[in-house]
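Data block below; observations after.
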Amino acid sequence: MLLIVLFWLKIIKSLDGNAHGFGNTASTENRRSKLRELIRSRGFVSIPDLRDAIEVSESTIRRDLDYLEAQGEAKRTHGGVFCTGPSAGLQVFEDRRVGHWEKKRQIALAAADLIEDRDTVLLDGGSTTYELARQLIGRPLQIVTNSLPVANLFATSEKTDLIFLGGSVHHRTGITLGPYANQMIEGHTVQKAILSVAGIDNRGYYNSNLLLVETERAMMRCADQTIVVADSSKFGRSSLARLCGLGDVRKIVVDDQLEQSWRDQLAEHNVETIVAASEPSDESHAASNHHEKIPTPHVSMSPPIAKAEKSTR
């Protein structure tokens with residue numbers, strides 16, 4: 001009889017433990033949901049404000065923020081956290097966080113190391129440049145962009161000067177393009193233009209929209225140097241509109257799956273190839289952990305050809 005009683009007590013305790021576990025899970029999800037809404041609504045929130053609003057310890061808040069940052073929804077900085085997830089009306093890249101997204105994230109980390117504080121940087125509206133923008137939040141920079149999703153990331157950042165280029169909005173990507181956008185670009189000078197592309201072959205770089213290519217050519221002309229960010233899946237394929245030749249950019253940042261033959265071909269065109277690390281780097285984001293440089297066979301770097309060919313664009 002005693003054995004039967006002990007058996008049932010053990011079962012009841014087990015059921016209570018499971019129920020408690022489910023409660024903890026539900027509580028965690030509810031808490032993180034509240035954190036998301038607070039961060040999205042304010043853009044930037046301090047850790048103490050989050051602690052007071054959620055009524056939990058700072059250590060719990062920090063663990064939840066670690067989770068949100070790993071999901072690409074937030075970025076911690078000194079004293080608080082920025083929203084890096086989509087706003088309610090800008091779901092442009094949410095259905096693209098599959099496939100090559102981890103490669104894009106590593107490329108973005110490596111590209112971020114190429115940007116110095118207080119640089120003036122022009123970012124286009126590609127998915128890889130969007131991921132790069134997430135890595136730049138909270139840094140003292142001047143950001144010029146034609147991308148609504150990118151501009152949304154920097155809109156509440158006090159350290160970043162944001163210049164948004166107007167024009168006709170392409171509804172599928174949230175970017176502005178066309179004659180008005182091109183005219184606005186021509187009135188600016190930036191140190192680095194960072195562009196994404198739809199394809200790369202031995203003839204050069206491509207994108208899938210004729211108006212977009214015209215706008216990106218204007219971006220190249222206003223930049224001291226042009227940097228392309230592209231994952232290895234883009235190589236060996238073309239698209240509707242050719243942007244420029246292989247040697248018309250100064251640097252390209254790629255993932256480590258790029259074949260050696262393509263690395264050699266880029267070197268022949270005097271393009272500095274920066275290969276992003278395949279493994280996530282630590283919080284220090286040291287440049288040595290993010291990428292390796294593939295040296296070119298030339299001692300000096302020629303300026304971007306896009307400037308010299310302004311009359312032919």
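Going through the structure tokens in order, the chains are called A, B, and so on, while each chain numbers its residues from 1 and the ligands are numbered from 1 in the order shown.
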Range 133-135 of chain A surroundings by only C-alpha atoms, 8 Å radius, close-in-sequence under 6 positions cut, as an MDAnalysis selection string: chainID A and resid 75 84 108:109 112 123 150 153
Store the residues of this selection in a file with N, CA and C atoms, as a short mmCIF file (atom, residue, chain, number, x, y, z; two decimals), in the first residue's frame.
```cif
data_model
loop_
_atom_site.label_atom_id
_atom_site.label_comp_id
_atom_site.auth_asym_id
_atom_site.auth_seq_id
_atom_site.Cartn_x
_atom_site.Cartn_y
_atom_site.Cartn_z
N LYS A 75 19.62 45.27 -31.28
CA LYS A 75 21.07 45.36 -31.19
C LYS A 75 21.42 46.12 -29.92
N THR A 84 16.20 46.64 -34.40
CA THR A 84 16.72 46.32 -35.74
C THR A 84 15.78 45.39 -36.48
N ALA A 108 28.17 40.97 -43.80
CA ALA A 108 27.87 42.26 -43.18
C ALA A 108 28.84 42.57 -42.04
N LEU A 109 29.18 41.59 -41.23
CA LEU A 109 30.13 41.79 -40.14
C LEU A 109 31.50 42.20 -40.69
N ALA A 112 31.35 45.76 -42.11
CA ALA A 112 31.29 46.78 -41.05
C ALA A 112 32.69 47.17 -40.58
N LEU A 123 24.38 53.53 -48.58
CA LEU A 123 23.90 52.14 -48.59
C LEU A 123 22.72 52.01 -49.52
N VAL A 150 16.25 50.49 -44.57
CA VAL A 150 17.52 50.91 -43.98
C VAL A 150 17.34 52.22 -43.21
N LEU A 153 15.89 51.85 -39.77
CA LEU A 153 16.79 51.37 -38.73
C LEU A 153 17.51 52.53 -38.04
#
```
Which residues of range 131-179 of chain A sit at most 12 Å from range 195-199 of chain A, using only C-alpha atoms? Give each one's shortest atom pair and distance in Å (one decimal place), in chain and ascending residue order, as CSV.
```
residue,atom,partner,partner_atom,distance
A:Glu131,CA,A:Ser196,CA,11.1
A:Leu132,CA,A:Leu195,CA,10.7
A:Ala133,CA,A:Leu195,CA,11.9
A:Thr145,CA,A:Leu195,CA,10.6
A:Asn146,CA,A:Leu195,CA,11.3
A:Ser147,CA,A:Leu195,CA,11.7
```
Backbone DSSP call of strand (DSSP E or B) for range 37-283 of chain A, listed as a ChimeraX atom specification: /A:44-46,74-77,80-83,120-123,142-145,147,161-164,168-170,175-177,190-196,199-201,204-207,223-229,235,241-244,251-254,272-276
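Proximity of A:Phe235, A:His170, A:Ala276, A:Val144 to Asp113 in chain A, computed with only C-alpha atoms, is greatest for A:Ala276.
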Close residues, Arg105 in chain A itself excluded, 12 Å, only C-alpha atoms, min 3 positions apart in chain, as an MDAnalysis selection string: chainID A and resid 70:72 97:102 108:112 127:135 229:231 253:255 276:281 290
Residue subset to file, keeping C-alpha atoms, as a compact mmCIF listing (two decimals), in the first residue's frame:
```txt
# COMPACT_ATOMS: atom_id res chain seq x y z
CA ALA A 70 20.37 36.53 -32.06
CA GLN A 71 17.01 36.68 -33.86
CA GLY A 72 17.99 39.94 -35.58
CA ARG A 97 15.68 35.28 -43.71
CA VAL A 98 16.31 31.83 -45.13
CA GLY A 99 18.75 30.23 -47.53
CA HIS A 100 21.88 32.39 -47.67
CA TRP A 101 21.05 34.69 -44.78
CA GLU A 102 23.82 33.41 -42.51
CA ALA A 108 27.87 42.26 -43.18
CA LEU A 109 30.13 41.79 -40.14
CA ALA A 110 33.23 41.87 -42.36
CA ALA A 111 31.98 44.90 -44.29
CA ALA A 112 31.29 46.78 -41.05
CA SER A 127 19.25 42.41 -48.32
CA THR A 128 22.99 42.21 -47.57
CA THR A 129 23.31 45.99 -47.17
CA TYR A 130 20.26 45.87 -44.88
CA GLU A 131 22.08 43.35 -42.70
CA LEU A 132 25.16 45.62 -42.80
CA ALA A 133 23.00 48.55 -41.66
CA ARG A 134 21.95 46.50 -38.62
CA GLN A 135 25.62 46.15 -37.66
CA VAL A 229 28.75 42.96 -50.92
CA ALA A 230 27.65 39.65 -52.43
CA ASP A 231 27.38 36.04 -51.33
CA VAL A 253 33.18 41.35 -49.64
CA VAL A 254 32.19 37.69 -50.09
CA ASP A 255 31.70 34.53 -48.05
CA ALA A 276 34.15 36.87 -44.48
CA ALA A 277 34.68 34.33 -41.72
CA SER A 278 32.34 31.35 -41.80
CA GLU A 279 32.04 31.12 -38.02
CA PRO A 280 30.30 33.82 -35.95
CA SER A 281 32.81 36.10 -34.30
CA HIS A 290 35.74 38.76 -39.43
```
Shell around Cys244 in chain A at 7 Å using only C-alpha atoms, local window under 4 positions removed, as an MDAnalysis selection string: chainID A and resid 204:205 248
Using only C-alpha atoms: which of A:Thr120, A:Gln142, A:Ser239, A:Thr173 has the shortest distance to Cys222 in chain A: A:Thr120
Between CA of Asp161 in chain A and CA of Ile143 in chain A, distance in Å (one decimal): 6.1 Å
Computed interatomic separation between CA of Phe164 in chain A and CA of Leu68 in chain A (Å): 27.3 Å
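One finds CA of Arg221 in chain A at 11.9 Å from CA of Gln183 in chain A.
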Spatial neighbours of Thr156 in chain A, max dist 10 Å, only C-alpha atoms, sep filter under 3 positions, as a list in words: Arg42, Gly43, Phe44, Phe82, Cys83, Ile137, Gly138, Ala151, Asn152, Leu153, Lys159, Thr160 and Leu162 of chain A
